[in-house]
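Student: Once you've had a glance at the structure underneath, I'll fire off some questions.
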Amino acid sequence: MLQPGKAVKVTIYLSEGATHHGVPVYSSILDFLFYRGVSGATVTRGVAGFGADHHMHSLSSVEISDRLPIKIEFIEAQEKADSLLGKLEELSGTALIEIQETTVVKPAQLSKAAKPVHSTHLKIEGKAQMMRIYLSEEDRWQNKPLYEALVEAMRANDIAGVTVYRGILGYGAHRRMHKDKPLLSSHHGSVMLSAIDTAEKLQAILPIVDQMVQEGLVVFSDVDIIKYAYRPEVSE
Amino acid sequence: MKEQFPARMLRIHFGEDDRWQGKPLYEAIVARCKELDIAEVIVFRGIEGYGSGSRIRRSGHWSFSKDAPIQLSIIDTEERLEALIPFLDETIEEGLVAASPVEVIRYSRTQA
C-alpha cells in the first residue's frame with residue numbers, strides 16, 4: 001500500500017487507437033496495473049496533441065479522431081514502479097514513458113487494506129498450495145471472460161501454474177444448473193481454474209481475486225510439489 | 001458477500017458409461033447433491049485414464065464417448081458430505097472416492 005513520503009509518478013503517453021492483439025493498449029496496461037495491485041491509475045484522454053510522428057491529432061479532424069492522445073498515470077513506491085517497468089515497456093510498444101519523483105502527502109483511503117503483491121519467480125519445491133476457483137463460464141470481468149481475466153492476473157503475478165477446466169455438468173455458489181450443451185453452444189458451463197504456488201503468493205493475489213470474483217467458490221488445499229521444471233524464456 | 005470456512009472436497013472417479021436407474025451415474029450423483037443442498041459440484045470428462053479394474057478409458061471422437069473417465073469434484077462441510085456417502089455406497093459399483101480437507105472462500109451476490 002502507498003505510504004506518505006517519497007514515491008514516483010509514472011506517466012505513459014500513447015495514442016487512443018494503438019492496439020495490441022486487438023485490444024486497446026491503454027486497457028491492457030490498465031489491467032496489468034490492476035492485476036499487480038498498483039494503488040491507483042488514471043487514464044486521461046487529451047483533446048489534441050502530437051507525438052513522435054509529429055502529426056497533429058485533434059478532436060476536430062474527424063477522420064483521425066481515434067488517434068487522440070491518451071495518458072496513463074500512476075503513483076507508486078520506487079521499488080514497486082521499478083518492478084513493473086520491464087513489462088510496461090513491453091506492453092506500451094512505441095509509447096513514451098516518463099517517471100518523476102514525487103511526494104505522497106496523503107495516500108487515498110481504503111475501506112480495507114490490500115496486501116502488496118510480490119512477484120519473484122521462485123523455484124518451488126515441497127510444501128505449496130493449490131487454489132481452485134469455481135465459476136460459471138459466462139461470468140465476465142471488464143468485457144472478457146472472467147476465467148480468462150483471472151489467468152491474465154495470475155500470469156501478471158508470476159503464479160507458477162494455472163489451468164482452466166470446463167465441466168460437463170455442475171452447479172455452484174449461484175445455484176444454477178450448468179449442463180454442457182451439445183456441439184457448438186458450449187456456453188453456460190461450469191468452469192474450474194486451478195492454480196499452484198506457495199501459500200504466500202496465492203494469499204498475496206487473493207485481494208485481486210476478491211475484487212474480480214462476484215460469485216463463486218475459492219478452495220485451498222495443501223499440496224506437495226514434487227517437480228517444477230520450466231524453460232526459461234529466451235531473451236536475445 | 002464473502003464467507004470463509006474449513007470444508008472437505010470429495011473427488012469421485014468412474015466411467016462415463018456407468019449408469020444408475022437408466023441415467024448416467026454422474027447425473028444421478030449431481031441430482032442427489034442438489035437434493036442435499038451441497039454447495040459446489042462439477043463434473044469433468046477426462047481424455048484418457050484408467051481406474052479400478054485397470055480398463056483403459058478414453059474419450060472417443062466428438063462427444064460420442066467410449067467410456068471416458070469421469071471425475072466429480074464435490075465441496076461442502078464434512079457433515080453435509082457425510083450425508084451423501086450412503087448414496088455413493090449404493091450407486092458406485094466400480095470407482096474411487098478420495099476426500100481431502102480444504103479451506104473455502106465463498107463469494108455470493110445475495111446480501112447477508
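Chain identifiers are assigned as A, B, and so on, following the order in which chains appear in the C-alpha cells; residues are numbered from 1 within each chain, and ligands are numbered from 1 in order of appearance.
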So which residues touch Gly51 of chain B within 10 Å, counting only C-alpha atoms, skipping near sequence neighbours fewer than 6 positions away, as a PyMOL selection string?
Tutor: chain B and resi 13-15+57+69+94-96
Student: Hey, list the chain B side of the contact with chain A: 7 Å cut-off, only C-alpha atoms, answer as a ChimeraX atom specification.
Tutor: /B:30,39-45,101-109
Student: For a quick check of understanding, using only C-alpha atoms, which of B:Leu72, B:Ile38, B:Ile85, B:Ile47 has the smallest distance to Leu25 of chain B?
Tutor: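 For Leu25 of chain B, the nearest of the given residues is B:Leu72.
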Student: Quick one: pick out all helix (DSSP H, G or I) residues within chain B from a backbone DSSP run and write them as a PyMOL selection string.
Tutor: chain B and resi 25-35+78-82+85-91
Student: Create the file for the chosen residues now, containing C-alpha atoms and written as a CSV table (one decimal), in the first residue's frame.
Tutor:
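Writing done, so here's result_17.csv:
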```csv
chain,number,residue,atom,x,y,z
B,25,LEU,CA,-24.3,-42.2,-12.8
B,26,TYR,CA,-22.7,-38.7,-12.7
B,27,GLU,CA,-26.1,-37.1,-13.4
B,28,ALA,CA,-27.7,-39.2,-10.6
B,29,ILE,CA,-25.0,-38.1,-8.2
B,30,VAL,CA,-25.3,-34.4,-9.2
B,31,ALA,CA,-29.1,-34.6,-8.7
B,32,ARG,CA,-28.6,-36.2,-5.3
B,33,CYS,CA,-26.1,-33.4,-4.3
B,34,LYS,CA,-28.7,-30.9,-5.3
B,35,GLU,CA,-31.3,-32.5,-3.1
B,78,GLU,CA,-17.8,-32.6,6.4
B,79,GLU,CA,-21.4,-33.1,7.8
B,80,ARG,CA,-23.1,-32.3,4.5
B,81,LEU,CA,-20.8,-34.6,2.6
B,82,GLU,CA,-21.3,-37.4,5.2
B,85,ILE,CA,-21.8,-41.2,1.4
B,86,PRO,CA,-24.7,-43.8,1.7
B,87,PHE,CA,-25.9,-42.8,-1.8
B,88,LEU,CA,-22.4,-43.2,-3.2
B,89,ASP,CA,-22.1,-46.6,-1.5
B,90,GLU,CA,-25.3,-47.7,-3.1
B,91,THR,CA,-24.7,-46.4,-6.6
```
Student: Which residues, written as a VMD selection string, have at least one atom at most 9 Å from segment 86-93 of chain A, with only C-alpha atoms counted and residues fewer than 5 positions away on the same chain left out?
Tutor: chain A and resid 12 to 14 20 25 to 26 28 to 29 32 to 33 156
Student: Within 8 Å of Thr44 of chain A, counting only C-alpha atoms, which residues show up once you throw out same-chain ones fewer than 4 positions away? Write them as a list in words, please.
Tutor: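 The residues that qualify are Ile70, Lys71 and Ile72 of chain A.
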Student: So that I have them on file, write out the residues from the current selection with C-alpha atoms, as a CSV table (one decimal), in the first residue's frame.
Tutor:
```csv
chain,number,residue,atom,x,y,z
A,70,ILE,CA,-4.1,9.1,-24.1
A,71,LYS,CA,-2.1,9.5,-20.9
A,72,ILE,CA,-1.9,6.8,-18.1
```
Student: Which residue, A:Val104, A:Ile205, A:Ile97, A:Val38, has the smallest gap to Ala81 of chain A when you use only C-alpha atoms?
Tutor: A:Val38
Student: How far is it from atom CA of Gln109 of chain A to atom CA of Glu76 of chain A, in Å with one decimal?
Tutor: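 Taking atom CA of Gln109 of chain A and atom CA of Glu76 of chain A, their separation equals 14.7 Å.
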Student: Residues of chain B in strand (DSSP E or B) according to DSSP, as a PyMOL selection string?
Tutor: chain B and resi 2-15+19-20+23-24+40-45+48-50+56-58+66+69-76+96-107
Student: May I have the residues from that selection written out with C-alpha atoms, as a PDB file, in the first residue's frame?
Tutor:
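Everything below was put into out08.pdb:
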```pdb
ATOM      1  CA  LYS B   2     -17.693 -13.290   1.367  1.00  0.00           C
ATOM      2  CA  GLU B   3     -17.523 -16.182   3.852  1.00  0.00           C
ATOM      3  CA  GLN B   4     -14.545 -18.329   4.729  1.00  0.00           C
ATOM      4  CA  PHE B   5     -14.715 -21.738   6.386  1.00  0.00           C
ATOM      5  CA  PRO B   6     -12.930 -25.093   6.534  1.00  0.00           C
ATOM      6  CA  ALA B   7     -14.551 -27.730   4.341  1.00  0.00           C
ATOM      7  CA  ARG B   8     -13.936 -31.003   2.590  1.00  0.00           C
ATOM      8  CA  MET B   9     -13.558 -31.952  -1.031  1.00  0.00           C
ATOM      9  CA  LEU B  10     -14.589 -35.293  -2.497  1.00  0.00           C
ATOM     10  CA  ARG B  11     -13.237 -36.402  -5.823  1.00  0.00           C
ATOM     11  CA  ILE B  12     -15.048 -39.327  -7.351  1.00  0.00           C
ATOM     12  CA  HIS B  13     -13.699 -41.260 -10.301  1.00  0.00           C
ATOM     13  CA  PHE B  14     -15.600 -43.689 -12.512  1.00  0.00           C
ATOM     14  CA  GLY B  15     -16.506 -44.199 -16.153  1.00  0.00           C
ATOM     15  CA  ARG B  19     -25.379 -45.832 -15.091  1.00  0.00           C
ATOM     16  CA  TRP B  20     -27.841 -45.880 -12.267  1.00  0.00           C
ATOM     17  CA  LYS B  23     -29.399 -42.482 -16.367  1.00  0.00           C
ATOM     18  CA  PRO B  24     -25.725 -41.624 -16.316  1.00  0.00           C
ATOM     19  CA  GLU B  40     -20.481 -26.977  -5.220  1.00  0.00           C
ATOM     20  CA  VAL B  41     -20.430 -29.800  -7.744  1.00  0.00           C
ATOM     21  CA  ILE B  42     -18.625 -30.014 -11.042  1.00  0.00           C
ATOM     22  CA  VAL B  43     -18.183 -32.953 -13.407  1.00  0.00           C
ATOM     23  CA  PHE B  44     -15.159 -33.304 -15.692  1.00  0.00           C
ATOM     24  CA  ARG B  45     -14.703 -35.645 -18.594  1.00  0.00           C
ATOM     25  CA  GLU B  48      -7.738 -40.794 -21.003  1.00  0.00           C
ATOM     26  CA  GLY B  49      -7.263 -42.741 -17.817  1.00  0.00           C
ATOM     27  CA  TYR B  50      -7.814 -45.994 -16.041  1.00  0.00           C
ATOM     28  CA  ILE B  56      -8.208 -48.020 -20.057  1.00  0.00           C
ATOM     29  CA  ARG B  57     -10.863 -45.362 -20.527  1.00  0.00           C
ATOM     30  CA  ARG B  58     -10.685 -42.960 -23.422  1.00  0.00           C
ATOM     31  CA  LYS B  66     -16.217 -44.548 -25.429  1.00  0.00           C
ATOM     32  CA  PRO B  69     -13.051 -41.269 -17.408  1.00  0.00           C
ATOM     33  CA  ILE B  70     -15.319 -39.056 -15.325  1.00  0.00           C
ATOM     34  CA  GLN B  71     -14.282 -37.064 -12.297  1.00  0.00           C
ATOM     35  CA  LEU B  72     -16.730 -35.355  -9.983  1.00  0.00           C
ATOM     36  CA  SER B  73     -15.480 -32.779  -7.576  1.00  0.00           C
ATOM     37  CA  ILE B  74     -17.826 -32.021  -4.688  1.00  0.00           C
ATOM     38  CA  ILE B  75     -17.241 -29.428  -1.989  1.00  0.00           C
ATOM     39  CA  ASP B  76     -19.042 -28.749   1.260  1.00  0.00           C
ATOM     40  CA  LEU B  96     -12.762 -44.409  -6.389  1.00  0.00           C
ATOM     41  CA  VAL B  97     -13.715 -41.726  -3.891  1.00  0.00           C
ATOM     42  CA  ALA B  98     -10.960 -39.547  -2.437  1.00  0.00           C
ATOM     43  CA  ALA B  99     -11.504 -36.941   0.284  1.00  0.00           C
ATOM     44  CA  SER B 100      -9.251 -34.087   1.295  1.00  0.00           C
ATOM     45  CA  PRO B 101      -9.516 -31.210   3.755  1.00  0.00           C
ATOM     46  CA  VAL B 102      -9.758 -27.769   2.147  1.00  0.00           C
ATOM     47  CA  GLU B 103     -10.242 -24.142   3.108  1.00  0.00           C
ATOM     48  CA  VAL B 104     -13.068 -22.428   1.279  1.00  0.00           C
ATOM     49  CA  ILE B 105     -13.954 -18.838   0.420  1.00  0.00           C
ATOM     50  CA  ARG B 106     -17.445 -18.370  -0.929  1.00  0.00           C
ATOM     51  CA  TYR B 107     -18.479 -15.232  -2.800  1.00  0.00           C
TER      52      TYR B 107
END
```
Student: Grab the atom CA of Thr103 of chain A to atom CA of Thr42 of chain A distance for me, in Å with one decimal place.
Tutor: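 About the pair atom CA of Thr103 of chain A and atom CA of Thr42 of chain A: they are 17.7 Å apart.
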Student: Could you name the residues that touch Ser39 of chain A at 8 Å or less, counting only C-alpha atoms, but leaving out those on the same chain fewer than 2 positions away, as a list in words?
Tutor: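 Here the answer would be Met1, Leu2, Gly37, Ala41, Phe74, Ile75 and Glu76 of chain A.
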Student: Would you mind exporting the chosen residues as a compact mmCIF listing (two decimals), in the first residue's frame, restricted to C-alpha atoms?
Tutor:
```txt
# COMPACT_ATOMS: atom_id res chain seq x y z
CA MET A 1 0.00 0.00 0.00
CA LEU A 2 1.16 3.51 -0.79
CA GLY A 37 -2.08 -4.37 -7.18
CA ALA A 41 -4.13 4.52 -12.01
CA PHE A 74 0.01 6.11 -11.55
CA ILE A 75 1.88 6.81 -8.36
CA GLU A 76 3.80 4.09 -6.57
```
Student: Report as a VMD selection string all protein, DNA and RNA residues lying within 9 Å of segment 45-58 of chain A, evaluated on only C-alpha atoms, omitting residues in the same chain fewer than 4 positions from it.
Tutor: chain A and resid 13 to 16 62 64 to 72 94 to 96
Student: Would you compute the distance between atom CA of Asn157 of chain A and atom CA of Ser136 of chain A? Give it in Å to one decimal.
Tutor: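 Between atom CA of Asn157 of chain A and atom CA of Ser136 of chain A the gap is 23.2 Å.
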Student: Smallest atom-to-atom distance to Ala108 of chain A: which of A:Gln3, A:Val223, A:Thr19, A:Ser27, using only C-alpha atoms?
Tutor: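 Among the listed residues, the smallest separation from Ala108 of chain A belongs to A:Gln3.
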